[in-house]
Amino acid sequence: MTEQSFEYRLRVRYAECDAQHVVFNARYGDYVDIAINEYVRMLFGHYQNMLDQGLDMQVVNMNLSWKAPARFDEVLCARIHPGKLGNTSFVVRVEFFRFGDDTHIMDAEVTYVMIDPATMSKKAIPPSVRELLAAGAPGKLISHAGEEV
């Protein structure tokens, strides 16, 4: 864990692996989404708190770059950093590492657009939300992996 990032840990399940005995490439989109949902929960307290403000977010771009394979029963650490903040959009950067040996597994860069959930139209990021997104959640950790620390 680094003090500059939020970290989410998950364990690779058997059903997420392919015939090559590594995590199937499409599963990384799921991993990114789960990790960012935990990050948003850390920032807002609960996703519903954002919805109660008349705000929601939609993915408009996701880029993945693989570095090394991940395998069944390994624990992956998703380290999340805030990226560029626009008027209605923002970027979240996610780096995946193997727990224990810190092998760099994959990087993701996800661009979101803030929307009004009632109209599904773009909405400017309010100043209070902008502050949360810019600050991120450095030094915070959530683990669903059951790893021994």
# chains A, B, ... in the order shown; residues from 1 in each chain; ligands from 1

call {"tool": "select_by_dssp", "arguments": {"residues": "chain A", "states": "helix (DSSP H, G or I)", "output": "MDAnalysis selection string"}}
result
chainID A and resid 14:16 27:44 47:51 127:135

call {"tool": "residues_around", "arguments": {"residues": "Thr103 of chain A", "least_positions_apart": "2", "cutoff": "12 Å", "atoms": "only C-alpha atoms", "output": "VMD selection string"}}
result
chain A and resid 66 to 70 74 to 78 95 to 101 105 to 107

call {"tool": "write_last_selection", "arguments": {"atoms": "C-alpha atoms", "output": "PDB file, in the first residue's frame"}}
result
ATOM      1  CA  TRP A  66      -1.690  -5.320 -19.343  1.00  0.00           C
ATOM      2  CA  LYS A  67       1.767  -5.839 -17.846  1.00  0.00           C
ATOM      3  CA  ALA A  68       1.746  -9.392 -16.409  1.00  0.00           C
ATOM      4  CA  PRO A  69      -0.740 -12.235 -15.880  1.00  0.00           C
ATOM      5  CA  ALA A  70      -2.783 -12.735 -12.734  1.00  0.00           C
ATOM      6  CA  GLU A  74      -3.828 -14.389  -6.115  1.00  0.00           C
ATOM      7  CA  VAL A  75      -4.658 -11.160  -4.322  1.00  0.00           C
ATOM      8  CA  LEU A  76      -4.624  -8.057  -6.484  1.00  0.00           C
ATOM      9  CA  CYS A  77      -4.132  -4.555  -5.141  1.00  0.00           C
ATOM     10  CA  ALA A  78      -5.869  -1.807  -7.106  1.00  0.00           C
ATOM     11  CA  GLU A  95      -2.838   0.452 -11.157  1.00  0.00           C
ATOM     12  CA  PHE A  96      -3.076  -3.247 -10.292  1.00  0.00           C
ATOM     13  CA  PHE A  97      -0.268  -5.028  -8.450  1.00  0.00           C
ATOM     14  CA  ARG A  98       0.045  -8.550  -7.077  1.00  0.00           C
ATOM     15  CA  PHE A  99      -0.117  -8.554  -3.279  1.00  0.00           C
ATOM     16  CA  GLY A 100       3.071  -9.912  -1.729  1.00  0.00           C
ATOM     17  CA  ASP A 101       5.582  -9.334  -4.506  1.00  0.00           C
ATOM     18  CA  ILE A 105      -0.252  -6.502 -13.426  1.00  0.00           C
ATOM     19  CA  MET A 106      -2.324  -3.878 -15.257  1.00  0.00           C
ATOM     20  CA  ASP A 107      -3.093  -0.170 -15.587  1.00  0.00           C
TER      21      ASP A 107
END

call {"tool": "residues_around", "arguments": {"residues": "Asn61 of chain A", "least_positions_apart": "5", "cutoff": "10 Å", "atoms": "only C-alpha atoms", "output": "list in words"}}
result
Val91, Glu109, Val110, Thr111, Tyr112 and Val113 of chain A

call {"tool": "write_last_selection", "arguments": {"atoms": "all heavy atoms", "output": "CSV table (one decimal), in the first residue's frame"}}
result
chain,number,residue,atom,x,y,z
A,91,VAL,N,-11.1,12.0,-14.7
A,91,VAL,CA,-10.3,10.8,-14.9
A,91,VAL,C,-9.9,10.1,-13.6
A,91,VAL,O,-9.5,10.8,-12.7
A,91,VAL,CB,-9.1,11.1,-15.8
A,91,VAL,CG1,-8.2,9.8,-16.0
A,91,VAL,CG2,-9.5,11.6,-17.2
A,109,GLU,N,-7.1,3.6,-17.2
A,109,GLU,CA,-7.5,5.0,-17.1
A,109,GLU,C,-8.9,5.1,-17.5
A,109,GLU,O,-9.3,4.7,-18.6
A,109,GLU,CB,-6.6,5.9,-18.0
A,109,GLU,CG,-6.8,7.3,-17.8
A,109,GLU,CD,-5.8,8.2,-18.5
A,109,GLU,OE1,-4.7,8.4,-17.9
A,109,GLU,OE2,-6.1,8.7,-19.6
A,110,VAL,N,-9.8,5.6,-16.6
A,110,VAL,CA,-11.2,5.7,-16.9
A,110,VAL,C,-11.7,7.1,-16.9
A,110,VAL,O,-11.4,7.8,-15.9
A,110,VAL,CB,-12.0,4.8,-15.9
A,110,VAL,CG1,-13.5,4.8,-16.2
A,110,VAL,CG2,-11.4,3.4,-15.7
A,111,THR,N,-12.4,7.5,-17.9
A,111,THR,CA,-13.0,8.8,-18.0
A,111,THR,C,-14.5,8.7,-17.7
A,111,THR,O,-15.1,7.9,-18.4
A,111,THR,CB,-12.7,9.5,-19.3
A,111,THR,OG1,-11.3,9.5,-19.6
A,111,THR,CG2,-13.3,10.9,-19.4
A,112,TYR,N,-14.9,9.5,-16.8
A,112,TYR,CA,-16.3,9.6,-16.4
A,112,TYR,C,-16.9,11.0,-16.8
A,112,TYR,O,-16.2,12.0,-16.8
A,112,TYR,CB,-16.5,9.4,-14.9
A,112,TYR,CG,-16.2,8.0,-14.4
A,112,TYR,CD1,-15.0,7.7,-14.0
A,112,TYR,CD2,-17.2,7.1,-14.3
A,112,TYR,CE1,-14.7,6.4,-13.5
A,112,TYR,CE2,-17.0,5.8,-13.9
A,112,TYR,CZ,-15.7,5.5,-13.5
A,112,TYR,OH,-15.4,4.2,-13.0
A,113,VAL,N,-18.2,11.0,-17.1
A,113,VAL,CA,-18.9,12.3,-17.2
A,113,VAL,C,-19.9,12.3,-16.1
A,113,VAL,O,-20.6,11.3,-15.9
A,113,VAL,CB,-19.6,12.4,-18.6
A,113,VAL,CG1,-20.5,13.6,-18.7
A,113,VAL,CG2,-18.5,12.5,-19.7

call {"tool": "closest_residue", "arguments": {"among": "A:Asp33, A:His104, A:Lys84, A:His46", "to": "Ser65 of chain A", "atoms": "only C-alpha atoms"}}
result
A:His104

call {"tool": "closest_atom_pairs", "arguments": {"of": "segment 28-70 of chain A", "to": "segment 118-134 of chain A", "cutoff": "12 Å", "atoms": "only C-alpha atoms", "output": "JSON lines"}}
result
{"residue": "A:Ile36", "atom": "CA", "partner": "A:Leu133", "partner_atom": "CA", "distance": 11.8}
{"residue": "A:Tyr39", "atom": "CA", "partner": "A:Leu133", "partner_atom": "CA", "distance": 10.0}
{"residue": "A:Val40", "atom": "CA", "partner": "A:Leu133", "partner_atom": "CA", "distance": 8.9}
{"residue": "A:Arg41", "atom": "CA", "partner": "A:Leu132", "partner_atom": "CA", "distance": 11.5}
{"residue": "A:Met42", "atom": "CA", "partner": "A:Leu132", "partner_atom": "CA", "distance": 10.0}
{"residue": "A:Leu43", "atom": "CA", "partner": "A:Leu132", "partner_atom": "CA", "distance": 6.3}
{"residue": "A:Phe44", "atom": "CA", "partner": "A:Leu132", "partner_atom": "CA", "distance": 8.0}
{"residue": "A:Gly45", "atom": "CA", "partner": "A:Leu132", "partner_atom": "CA", "distance": 11.2}
{"residue": "A:Asn49", "atom": "CA", "partner": "A:Val129", "partner_atom": "CA", "distance": 11.1}
{"residue": "A:Met50", "atom": "CA", "partner": "A:Val129", "partner_atom": "CA", "distance": 8.8}
{"residue": "A:Leu51", "atom": "CA", "partner": "A:Ala118", "partner_atom": "CA", "distance": 9.8}
{"residue": "A:Asp52", "atom": "CA", "partner": "A:Ala118", "partner_atom": "CA", "distance": 11.2}
{"residue": "A:Gln53", "atom": "CA", "partner": "A:Pro126", "partner_atom": "CA", "distance": 9.8}
{"residue": "A:Gly54", "atom": "CA", "partner": "A:Ala118", "partner_atom": "CA", "distance": 7.6}
{"residue": "A:Leu55", "atom": "CA", "partner": "A:Lys123", "partner_atom": "CA", "distance": 7.9}
{"residue": "A:Asp56", "atom": "CA", "partner": "A:Met120", "partner_atom": "CA", "distance": 8.7}
{"residue": "A:Met57", "atom": "CA", "partner": "A:Lys122", "partner_atom": "CA", "distance": 9.1}
{"residue": "A:Gln58", "atom": "CA", "partner": "A:Met120", "partner_atom": "CA", "distance": 9.4}
{"residue": "A:Val60", "atom": "CA", "partner": "A:Lys122", "partner_atom": "CA", "distance": 11.6}

call {"tool": "closest_residue", "arguments": {"among": "A:Glu148, A:Leu10, A:Gly139, A:Asn87", "to": "Val32 of chain A", "atoms": "only C-alpha atoms"}}
result
A:Leu10

call {"tool": "closest_residue", "arguments": {"among": "A:His21, A:Gln48, A:Glu7, A:Met114", "to": "Arg93 of chain A", "atoms": "only C-alpha atoms"}}
result
A:Glu7

call {"tool": "closest_residue", "arguments": {"among": "A:Ile34, A:Leu64, A:Ile80, A:Val23", "to": "Leu141 of chain A", "atoms": "only C-alpha atoms"}}
result
A:Ile80

call {"tool": "select_by_dssp", "arguments": {"residues": "segment 62-135 of chain A", "states": "strand (DSSP E)", "output": "ChimeraX atom specification"}}
result
/A:62-66,75-85,89-98,104-116,121-122

call {"tool": "closest_residue", "arguments": {"among": "A:Ala35, A:Ala145, A:Ala108, A:Met62", "to": "Phe6 of chain A", "atoms": "only C-alpha atoms"}}
result
A:Ala35
